[in-house]
Amino acid sequence: MSAHHEQSFISKYVFSIDHKYIAKQYTVTGMIFAFIGGLFAVAFRTQLAWPGTNIPFIGVLDGMKYNMLVTNHAMIMFFWAGMPILLAGLGNFVIPLMLGADDMAFPKLNMLSYWIFFVSAVLLILSFMAPGGGAAGGWTMYPPLNAQQGVDPDANFLVNLWTGGSLLILAVAVEFASMLLGGINFLVTSLNMRAKGMKLMDVPAVVWMINLATVDFMFSVGPLISGAVMLLFDRIFNTGFYDPARGGDPILFQHLFWFFGHPEVYVVLLPAIGIVAEIVPTFSRKPLFASRWIIIMATASAFIAFIVWAHHQFVAGIDPRMAEFFSITTIIISVPFAFIFFAVIATMFKGQIEVKTPMLWALGFLVFFLVGGVTGIFNGSAGLDMYIHDTYFVIAHFHYTLIPAVFFAGLAALHFWFPKATGRMMNETLGKLHFWITSIGFNMFAFPLFFSGLYGEHRRIFNYSSYQPMMADWIINIRHVATIGAMILAAAQVLLFINIILSATSGEKAGKNPWKCNTLEWVADSPPPHGNFATPPSCYRGPYEYSNPKRSGSDFWPQNEQ
Amino acid sequence: MSDVTIERVPKGRLGVWLLIAGEIVIFGGFIASYILARLEYPEFGSKEAAGDLNIVVGTVNTLILLISNWTMVKAHEAALEKNVAKAKSFMIYTLVLGLLFLGIKLGYEWPTDFSHGHTISSSKAIADQAPGSEVMKVSLFWSYYFLMTGFHGLHIVVGSLVIFFVMLGISGGQNLHRVELAGAYWHLVELVWVILFPMLYLIQ
Ligand code: HEM
Ligand SMILES: [Cu+2]
């Protein structure tokens, strides 16, 4: 099927249609943005801990600059780091390989998706260059603020389009369109291009999870695309969709935003769970416990994800009966996740656990995400949330969900599939060092925030000096610790960078199947050539047949071996 | 052991269905927002709002779009019979009808609305003097109207381009399955209009 043996430079390295190369494009772009987003965070945390510090390249932060950094930190981390790495990058790499396919269903569409994503990144960068600087209205883009900030109602629409706020909305909408097209590719490939004999339940959990995440994304993003268009029109065409004085409704935007926003957190979480569900059995040499039920539970949660959104709006003046409903659904959705967690942990029971770096990151995910999941239930009870909403408690909560998902699970995946992608192993020592320093930095930064949040520290204030109760010694200390933690977290990533460069150039040769794994990607060469498999593999069994007594002489049983 | 084979539903069809599903949710966002506003404001049905739309012209346009869907079905049938010439001519009819729809919308309806003083924008000055007044609610109607018909018009343009390029691509008798895909997308454009038309024009 692969008619492209001789590829020109452009078609191989720029407009590549090879899913593995596109995966690398997404991942590298995502990692660059993650680094930028991280530096933003270090900058604004420095301001919080030591107000008025002169920060290199940025200067002293005033309220506007601070808001700009916070807003774009979140935007970048979700849409230009989390999604491109965990969904687009990982999905592009593993889906065709694990299904035994030669490429995605629509390789050209795949290339187009990446380049649309690239355009969105350019728009994002342009938004900083607009007069007045980047968007500064918070990552949730709530009107009326975001319908007005930087807008001159008397100017023509081009002037208002050329503002940080408008360009960011446009960038986000374009990014969504790109992920939507990418998602179509994922679903069609997974439904149609599985290896001969591969039933749906033989599909590895990570591919399932990526597809569920895609479904969550595709069916929740629509209203936000339309909501974003309306917000953009409020800015550039002077409409009043969200302006109460003109009959509009700002709460409408909150509904459109969170109808997407909550499923979006599962877009990041589900692939992370999938990654861990691949790695834990491999390094425990045991079948994934209750794997069928894990898939069923994840599917259920992917659907329930559509009916919990208003737990972000408990204090927005929604009807208390509605708050009750959303409290209950929020608690219900914790059940399938609790199940999945116990199943993954049960997998390790009596296994021969070998803690290589991918496993270490996976374990890190399990431990730290637990904190995020449990505190989510606090937020989900409407009564309690009235008190902790918009405090650092919420900040701590979602950093204990997102950092484990994007960083820990994402890095687990990187260490796990790096040998396949490059043909070389990553350095274990550097990897472990990187893990421990990252973990220390992360917990130092995020854990103390639960306490300052419970104490009432509000999340959207750039300088607490004028709030006496917020200037108690212990709370100032918390700010210092959190900021130093964030700096350690950011600095630790230098180790990752070194490890990637060193390993890619001079790492130990990996061979086809360094982890003795069952899934089909390990049948291909490392790195797989264009077209992936010399002969298309067939599939004879599920992906988790480790230590099966029927198999003599080896503790694993690849899916393609009879 | 198992006879699961690949490619049960042709991948092109599956892809277009998913695209359509994604688009429906996007329109769903607009439509749901409009319905919420409509339920709250009876003013949307008033003489200055929905009442100022020309139902006759709207109905004609709806019929045009319906016929264009029928011609597209015919083109698909011709493609199944591998009759390239017939498929092409029905696709040309579809394109002509699509452009006619767009011509009436942009060349007649919108200019008429403009001449009655309706635009997508609403006046901040009036809003400041009389927040939440009837004038403002009426102007919100027109914002929705131009937003949704404009977005739908954009889809007519995209759908027409798709049909046009598919038509060019089938000349040698190859790629005939694409006619079905272009047709499916065109049905989406039709479907959305069939929802928008009563919502904007008829409910007064
Ligand atoms: C058992 C699971 C979870 C529950 C019950 C839960 C519940 C909640 C609730 C109720 C809030 C709103 C708090 C407030 O604003 O007052 C919230 C905020 C948030 N959660 Fe979770 N959550 C859970 C898991 C997750 C996961 C897995 C992620 C991401 C991977 C996540 C990301 C976020 C984010 C980003 C916010 C803050 C949004 C903002 O206001 O800026 N949560 N969570
Ligand atoms: Cu949520």
# chains A, B, ... in the order shown; residues from 1 in each chain; ligands from 1
call {"tool": "interface_residues", "arguments": {"of": "chain A", "to": "chain B", "cutoff": "8 Å", "atoms": "only C-alpha atoms", "output": "PyMOL selection string"}}
result
chain A and resi 105+153+180-181+184-185+188+192-199+218-227+237-241+244-248+252+256+540
call {"tool": "write_last_selection", "arguments": {"atoms": "N, CA, C and O atoms", "output": "short mmCIF file (atom, residue, chain, number, x, y, z; two decimals), in the first residue's frame"}}
result
data_model
loop_
_atom_site.label_atom_id
_atom_site.label_comp_id
_atom_site.auth_asym_id
_atom_site.auth_seq_id
_atom_site.Cartn_x
_atom_site.Cartn_y
_atom_site.Cartn_z
N ALA A 105 -6.34 6.30 8.40
CA ALA A 105 -7.29 6.11 7.32
C ALA A 105 -7.14 7.20 6.26
O ALA A 105 -7.23 6.93 5.06
N PRO A 153 -15.57 50.05 20.79
CA PRO A 153 -16.83 49.83 20.07
C PRO A 153 -16.98 50.72 18.84
O PRO A 153 -17.75 50.40 17.93
N LEU A 180 -10.60 18.38 15.66
CA LEU A 180 -11.81 17.72 15.18
C LEU A 180 -11.49 16.86 13.96
O LEU A 180 -11.88 15.69 13.88
N LEU A 181 -10.74 17.43 13.02
CA LEU A 181 -10.36 16.66 11.83
C LEU A 181 -9.47 15.48 12.22
O LEU A 181 -9.63 14.38 11.71
N ILE A 184 -11.57 12.63 13.60
CA ILE A 184 -12.25 11.82 12.58
C ILE A 184 -11.32 10.72 12.11
O ILE A 184 -11.69 9.55 11.99
N ASN A 185 -10.07 11.07 11.89
CA ASN A 185 -9.07 10.09 11.48
C ASN A 185 -8.91 8.99 12.51
O ASN A 185 -8.84 7.81 12.16
N VAL A 188 -12.13 6.68 12.52
CA VAL A 188 -12.28 5.84 11.32
C VAL A 188 -11.19 4.78 11.29
O VAL A 188 -11.45 3.60 10.99
N ASN A 192 -12.04 0.84 11.32
CA ASN A 192 -11.95 0.20 10.01
C ASN A 192 -10.64 -0.47 9.68
O ASN A 192 -10.57 -1.21 8.72
N MET A 193 -9.60 -0.18 10.39
CA MET A 193 -8.30 -0.65 9.91
C MET A 193 -7.60 -1.56 10.90
O MET A 193 -6.38 -1.65 10.92
N ARG A 194 -8.38 -2.24 11.72
CA ARG A 194 -7.76 -3.16 12.66
C ARG A 194 -7.21 -4.38 11.93
O ARG A 194 -7.72 -4.77 10.88
N ALA A 195 -6.18 -4.97 12.53
CA ALA A 195 -5.57 -6.15 11.93
C ALA A 195 -6.60 -7.25 11.81
O ALA A 195 -7.59 -7.29 12.54
N LYS A 196 -6.34 -8.17 10.88
CA LYS A 196 -7.24 -9.28 10.69
C LYS A 196 -7.38 -10.03 12.01
O LYS A 196 -6.39 -10.36 12.66
N GLY A 197 -8.62 -10.26 12.42
CA GLY A 197 -8.86 -11.01 13.64
C GLY A 197 -8.96 -10.17 14.90
O GLY A 197 -9.31 -10.68 15.96
N MET A 198 -8.69 -8.87 14.80
CA MET A 198 -8.72 -8.06 16.01
C MET A 198 -10.13 -7.59 16.31
O MET A 198 -10.68 -6.75 15.61
N LYS A 199 -10.71 -8.17 17.37
CA LYS A 199 -12.05 -7.74 17.76
C LYS A 199 -11.93 -6.48 18.62
O LYS A 199 -10.85 -6.15 19.09
N MET A 218 -15.17 15.51 20.32
CA MET A 218 -15.93 15.85 19.11
C MET A 218 -17.36 16.28 19.41
O MET A 218 -17.92 17.11 18.72
N PHE A 219 -17.94 15.67 20.44
CA PHE A 219 -19.34 15.99 20.69
C PHE A 219 -19.55 17.04 21.77
O PHE A 219 -20.66 17.36 22.12
N SER A 220 -18.46 17.56 22.30
CA SER A 220 -18.64 18.64 23.26
C SER A 220 -18.09 19.95 22.73
O SER A 220 -18.48 21.02 23.18
N VAL A 221 -17.21 19.87 21.74
CA VAL A 221 -16.53 21.09 21.34
C VAL A 221 -17.43 21.97 20.47
O VAL A 221 -17.25 23.19 20.43
N GLY A 222 -18.42 21.38 19.81
CA GLY A 222 -19.27 22.15 18.92
C GLY A 222 -19.85 23.39 19.56
O GLY A 222 -19.66 24.51 19.09
N PRO A 223 -20.56 23.23 20.70
CA PRO A 223 -21.14 24.41 21.33
C PRO A 223 -20.11 25.47 21.71
O PRO A 223 -20.40 26.65 21.66
N LEU A 224 -18.91 25.03 22.06
CA LEU A 224 -17.93 26.06 22.39
C LEU A 224 -17.41 26.75 21.13
O LEU A 224 -17.13 27.95 21.16
N ILE A 225 -17.32 26.01 20.03
CA ILE A 225 -16.94 26.69 18.79
C ILE A 225 -17.98 27.76 18.48
O ILE A 225 -17.65 28.91 18.21
N SER A 226 -19.27 27.38 18.57
CA SER A 226 -20.27 28.40 18.28
C SER A 226 -20.23 29.50 19.35
O SER A 226 -20.35 30.68 19.02
N GLY A 227 -20.03 29.11 20.60
CA GLY A 227 -19.93 30.12 21.65
C GLY A 227 -18.77 31.07 21.42
O GLY A 227 -18.88 32.28 21.65
N PHE A 237 -18.00 42.68 15.90
CA PHE A 237 -19.16 43.21 15.20
C PHE A 237 -20.13 43.92 16.14
O PHE A 237 -21.25 44.24 15.75
N ASN A 238 -19.69 44.08 17.38
CA ASN A 238 -20.52 44.84 18.30
C ASN A 238 -21.91 44.23 18.51
O ASN A 238 -22.90 44.93 18.67
N THR A 239 -21.98 42.90 18.47
CA THR A 239 -23.24 42.25 18.84
C THR A 239 -23.33 42.19 20.36
O THR A 239 -22.37 42.53 21.05
N GLY A 240 -24.48 41.77 20.86
CA GLY A 240 -24.65 41.75 22.31
C GLY A 240 -25.08 40.40 22.83
O GLY A 240 -25.83 40.32 23.79
N PHE A 241 -24.56 39.32 22.23
CA PHE A 241 -24.99 37.98 22.65
C PHE A 241 -24.81 37.76 24.15
O PHE A 241 -25.60 37.07 24.78
N PRO A 244 -25.94 41.76 28.96
CA PRO A 244 -27.30 41.87 29.51
C PRO A 244 -27.99 43.16 29.09
O PRO A 244 -29.20 43.18 28.85
N ALA A 245 -27.24 44.26 28.96
CA ALA A 245 -27.87 45.52 28.58
C ALA A 245 -28.50 45.41 27.20
O ALA A 245 -29.42 46.15 26.87
N ARG A 246 -28.01 44.48 26.39
CA ARG A 246 -28.57 44.34 25.06
C ARG A 246 -29.37 43.05 24.91
O ARG A 246 -29.51 42.50 23.82
N GLY A 247 -29.85 42.55 26.04
CA GLY A 247 -30.70 41.37 25.99
C GLY A 247 -29.92 40.06 26.02
O GLY A 247 -30.50 38.99 26.07
N GLY A 248 -28.60 40.16 25.96
CA GLY A 248 -27.80 38.94 25.96
C GLY A 248 -27.62 38.36 27.35
O GLY A 248 -28.17 38.87 28.32
N LEU A 252 -24.91 32.28 29.58
CA LEU A 252 -24.97 31.41 28.41
C LEU A 252 -23.57 30.97 28.01
O LEU A 252 -23.33 29.79 27.73
N LEU A 256 -21.96 27.18 27.60
CA LEU A 256 -21.32 26.68 26.38
C LEU A 256 -19.87 26.30 26.67
O LEU A 256 -19.36 25.30 26.18
N TYR A 540 -4.52 -12.71 17.19
CA TYR A 540 -5.12 -13.94 17.66
C TYR A 540 -5.66 -13.86 19.07
O TYR A 540 -6.34 -14.76 19.53
#
call {"tool": "residues_near_ligand", "arguments": {"ligand": "ligand 2", "cutoff": "8 Å", "atoms": "only C-alpha atoms and all ligand atoms", "output": "JSON, numbers by chain"}}
result
{"A": [258, 261, 262, 263, 265, 308, 309, 310, 311, 312]}
call {"tool": "residues_near_ligand", "arguments": {"ligand": "ligand 1", "cutoff": "7 Å", "atoms": "only C-alpha atoms and all ligand atoms", "output": "VMD selection string"}}
result
chain A and resid 140 265 to 266 268 to 269 311 to 312 330 to 331 333 to 334 337 372 to 374 376 to 377 379 to 381 385 388 to 390 394 to 395 397 to 398 401 to 402 405
call {"tool": "atom_distance", "arguments": {"atom1": "atom CA of Val42 of chain A", "atom2": "atom CA of Val122 of chain A"}}
result
23.0 Å
call {"tool": "residues_around", "arguments": {"residues": "Asp113 of chain B", "least_positions_apart": "2", "cutoff": "10 Å", "atoms": "only C-alpha atoms", "output": "MDAnalysis selection string"}}
result
chainID B and resid 52:54 108:111 115:119 142 146
call {"tool": "write_last_selection", "arguments": {"atoms": "N, CA, C and O atoms", "output": "PDB file, in the first residue's frame"}}
result
ATOM      1  N   ASP B  52     -40.571  40.851  10.279  1.00  0.00           N
ATOM      2  CA  ASP B  52     -40.083  41.650   9.164  1.00  0.00           C
ATOM      3  C   ASP B  52     -39.361  40.796   8.116  1.00  0.00           C
ATOM      4  O   ASP B  52     -38.764  41.313   7.189  1.00  0.00           O
ATOM      5  N   LEU B  53     -39.377  39.462   8.315  1.00  0.00           N
ATOM      6  CA  LEU B  53     -38.754  38.598   7.314  1.00  0.00           C
ATOM      7  C   LEU B  53     -39.799  38.235   6.262  1.00  0.00           C
ATOM      8  O   LEU B  53     -40.979  38.091   6.568  1.00  0.00           O
ATOM      9  N   ASN B  54     -39.350  38.065   5.051  1.00  0.00           N
ATOM     10  CA  ASN B  54     -40.271  37.766   3.956  1.00  0.00           C
ATOM     11  C   ASN B  54     -40.474  36.260   3.843  1.00  0.00           C
ATOM     12  O   ASN B  54     -39.624  35.530   3.323  1.00  0.00           O
ATOM     13  N   TYR B 108     -30.762  39.550  -2.270  1.00  0.00           N
ATOM     14  CA  TYR B 108     -32.064  40.170  -2.077  1.00  0.00           C
ATOM     15  C   TYR B 108     -32.447  40.291  -0.597  1.00  0.00           C
ATOM     16  O   TYR B 108     -32.698  41.390  -0.093  1.00  0.00           O
ATOM     17  N   GLU B 109     -32.420  39.144   0.121  1.00  0.00           N
ATOM     18  CA  GLU B 109     -32.939  39.181   1.493  1.00  0.00           C
ATOM     19  C   GLU B 109     -32.113  40.077   2.413  1.00  0.00           C
ATOM     20  O   GLU B 109     -32.650  40.952   3.084  1.00  0.00           O
ATOM     21  N   TRP B 110     -30.809  39.820   2.457  1.00  0.00           N
ATOM     22  CA  TRP B 110     -29.979  40.631   3.345  1.00  0.00           C
ATOM     23  C   TRP B 110     -30.065  42.124   3.015  1.00  0.00           C
ATOM     24  O   TRP B 110     -30.282  42.942   3.917  1.00  0.00           O
ATOM     25  N   PRO B 111     -29.926  42.510   1.718  1.00  0.00           N
ATOM     26  CA  PRO B 111     -30.037  43.954   1.420  1.00  0.00           C
ATOM     27  C   PRO B 111     -31.379  44.532   1.867  1.00  0.00           C
ATOM     28  O   PRO B 111     -31.443  45.660   2.362  1.00  0.00           O
ATOM     29  N   SER B 115     -31.868  47.522   4.432  1.00  0.00           N
ATOM     30  CA  SER B 115     -32.590  48.756   4.108  1.00  0.00           C
ATOM     31  C   SER B 115     -33.661  49.049   5.141  1.00  0.00           C
ATOM     32  O   SER B 115     -34.100  50.179   5.291  1.00  0.00           O
ATOM     33  N   HIS B 116     -34.098  48.007   5.889  1.00  0.00           N
ATOM     34  CA  HIS B 116     -35.047  48.254   6.982  1.00  0.00           C
ATOM     35  C   HIS B 116     -34.329  48.619   8.277  1.00  0.00           C
ATOM     36  O   HIS B 116     -34.950  48.665   9.335  1.00  0.00           O
ATOM     37  N   GLY B 117     -33.017  48.782   8.161  1.00  0.00           N
ATOM     38  CA  GLY B 117     -32.264  49.211   9.332  1.00  0.00           C
ATOM     39  C   GLY B 117     -31.782  48.094  10.235  1.00  0.00           C
ATOM     40  O   GLY B 117     -31.338  48.331  11.347  1.00  0.00           O
ATOM     41  N   HIS B 118     -31.863  46.841   9.764  1.00  0.00           N
ATOM     42  CA  HIS B 118     -31.396  45.736  10.603  1.00  0.00           C
ATOM     43  C   HIS B 118     -29.974  45.365  10.244  1.00  0.00           C
ATOM     44  O   HIS B 118     -29.654  45.187   9.077  1.00  0.00           O
ATOM     45  N   THR B 119     -29.121  45.246  11.264  1.00  0.00           N
ATOM     46  CA  THR B 119     -27.761  44.766  11.029  1.00  0.00           C
ATOM     47  C   THR B 119     -27.415  43.772  12.112  1.00  0.00           C
ATOM     48  O   THR B 119     -28.169  43.579  13.066  1.00  0.00           O
ATOM     49  N   TRP B 142     -31.853  40.090  15.441  1.00  0.00           N
ATOM     50  CA  TRP B 142     -31.149  40.257  14.155  1.00  0.00           C
ATOM     51  C   TRP B 142     -29.708  39.784  14.246  1.00  0.00           C
ATOM     52  O   TRP B 142     -29.167  39.257  13.272  1.00  0.00           O
ATOM     53  N   PHE B 146     -28.481  37.078  11.488  1.00  0.00           N
ATOM     54  CA  PHE B 146     -27.336  37.205  10.575  1.00  0.00           C
ATOM     55  C   PHE B 146     -26.241  36.199  10.911  1.00  0.00           C
ATOM     56  O   PHE B 146     -25.582  35.666  10.018  1.00  0.00           O
TER      57      PHE B 146
END
call {"tool": "closest_residue", "arguments": {"among": "B:Ile170, B:Leu102, B:Leu202, B:Ala75", "to": "His155 of chain B", "atoms": "only C-alpha atoms"}}
result
B:Leu102
call {"tool": "residues_around", "arguments": {"residues": "segment 65-67 of chain B", "least_positions_apart": "3", "cutoff": "8 Å", "atoms": "only C-alpha atoms", "output": "VMD selection string"}}
result
chain B and resid 61 to 62 70 to 71 97 to 98 101 190
call {"tool": "select_by_dssp", "arguments": {"residues": "segment 495-539 of chain A", "states": "alpha helix (DSSP H)", "output": "ChimeraX atom specification"}}
result
/A:495-506
call {"tool": "write_last_selection", "arguments": {"atoms": "C-alpha atoms", "output": "mmCIF file, in the first residue's frame"}}
result
data_model
loop_
_atom_site.group_PDB
_atom_site.id
_atom_site.type_symbol
_atom_site.label_atom_id
_atom_site.label_comp_id
_atom_site.auth_asym_id
_atom_site.auth_seq_id
_atom_site.Cartn_x
_atom_site.Cartn_y
_atom_site.Cartn_z
ATOM 1 C CA LEU A 495 17.167 16.790 32.499
ATOM 2 C CA LEU A 496 14.465 15.545 30.187
ATOM 3 C CA PHE A 497 15.850 17.617 27.373
ATOM 4 C CA ILE A 498 19.356 16.245 27.926
ATOM 5 C CA ASN A 499 18.032 12.712 28.171
ATOM 6 C CA ILE A 500 16.112 12.984 24.923
ATOM 7 C CA ILE A 501 19.071 14.413 23.012
ATOM 8 C CA LEU A 502 21.591 11.953 24.476
ATOM 9 C CA SER A 503 19.384 8.916 24.055
ATOM 10 C CA ALA A 504 18.236 9.768 20.548
ATOM 11 C CA THR A 505 21.814 10.126 19.375
ATOM 12 C CA SER A 506 23.736 7.591 21.410
#
call {"tool": "atom_distance", "arguments": {"atom1": "atom CA of Asn211 of chain A", "atom2": "atom CA of Val355 of chain A"}}
result
28.4 Å
call {"tool": "residues_around", "arguments": {"residues": "Gly173 of chain B", "least_positions_apart": "5", "cutoff": "12 Å", "atoms": "only C-alpha atoms", "output": "MDAnalysis selection string"}}
result
chainID B and resid 78:88 166:168 178:179
call {"tool": "write_last_selection", "arguments": {"atoms": "N, CA and C atoms", "output": "short mmCIF file (atom, residue, chain, number, x, y, z; two decimals), in the first residue's frame"}}
result
data_model
loop_
_atom_site.label_atom_id
_atom_site.label_comp_id
_atom_site.auth_asym_id
_atom_site.auth_seq_id
_atom_site.Cartn_x
_atom_site.Cartn_y
_atom_site.Cartn_z
N ALA B 78 -26.93 8.24 -10.45
CA ALA B 78 -26.20 8.13 -11.72
C ALA B 78 -24.79 7.61 -11.47
N ALA B 79 -24.19 8.07 -10.38
CA ALA B 79 -22.83 7.61 -10.07
C ALA B 79 -22.83 6.12 -9.79
N LEU B 80 -23.88 5.64 -9.11
CA LEU B 80 -23.96 4.20 -8.83
C LEU B 80 -24.07 3.42 -10.13
N GLU B 81 -24.78 4.02 -11.13
CA GLU B 81 -24.89 3.35 -12.43
C GLU B 81 -23.64 3.58 -13.28
N LYS B 82 -22.65 4.27 -12.73
CA LYS B 82 -21.41 4.61 -13.43
C LYS B 82 -21.67 5.47 -14.67
N ASN B 83 -22.73 6.24 -14.63
CA ASN B 83 -23.07 7.12 -15.74
C ASN B 83 -22.49 8.52 -15.44
N VAL B 84 -21.25 8.72 -15.88
CA VAL B 84 -20.54 9.94 -15.49
C VAL B 84 -21.23 11.19 -16.02
N ALA B 85 -21.65 11.16 -17.28
CA ALA B 85 -22.23 12.37 -17.87
C ALA B 85 -23.48 12.79 -17.10
N LYS B 86 -24.32 11.79 -16.78
CA LYS B 86 -25.56 12.10 -16.08
C LYS B 86 -25.24 12.64 -14.67
N ALA B 87 -24.31 11.98 -13.99
CA ALA B 87 -23.94 12.44 -12.65
C ALA B 87 -23.48 13.88 -12.71
N LYS B 88 -22.64 14.16 -13.69
CA LYS B 88 -22.11 15.52 -13.79
C LYS B 88 -23.22 16.53 -14.03
N VAL B 166 -15.43 17.55 -6.60
CA VAL B 166 -15.76 16.14 -6.84
C VAL B 166 -16.15 15.96 -8.29
N MET B 167 -16.90 16.91 -8.82
CA MET B 167 -17.34 16.84 -10.21
C MET B 167 -16.14 16.82 -11.15
N LEU B 168 -15.16 17.68 -10.88
CA LEU B 168 -13.96 17.68 -11.72
C LEU B 168 -13.23 16.35 -11.62
N ARG B 178 -17.14 9.30 -4.48
CA ARG B 178 -17.10 10.61 -3.83
C ARG B 178 -18.40 11.39 -4.00
N VAL B 179 -19.14 11.05 -5.04
CA VAL B 179 -20.42 11.75 -5.25
C VAL B 179 -21.31 11.56 -4.03
#
call {"tool": "closest_residue", "arguments": {"among": "A:Pro204, A:Gly182, A:Pro536, A:Gly431", "to": "Met359 of chain A", "atoms": "only C-alpha atoms"}}
result
A:Gly431
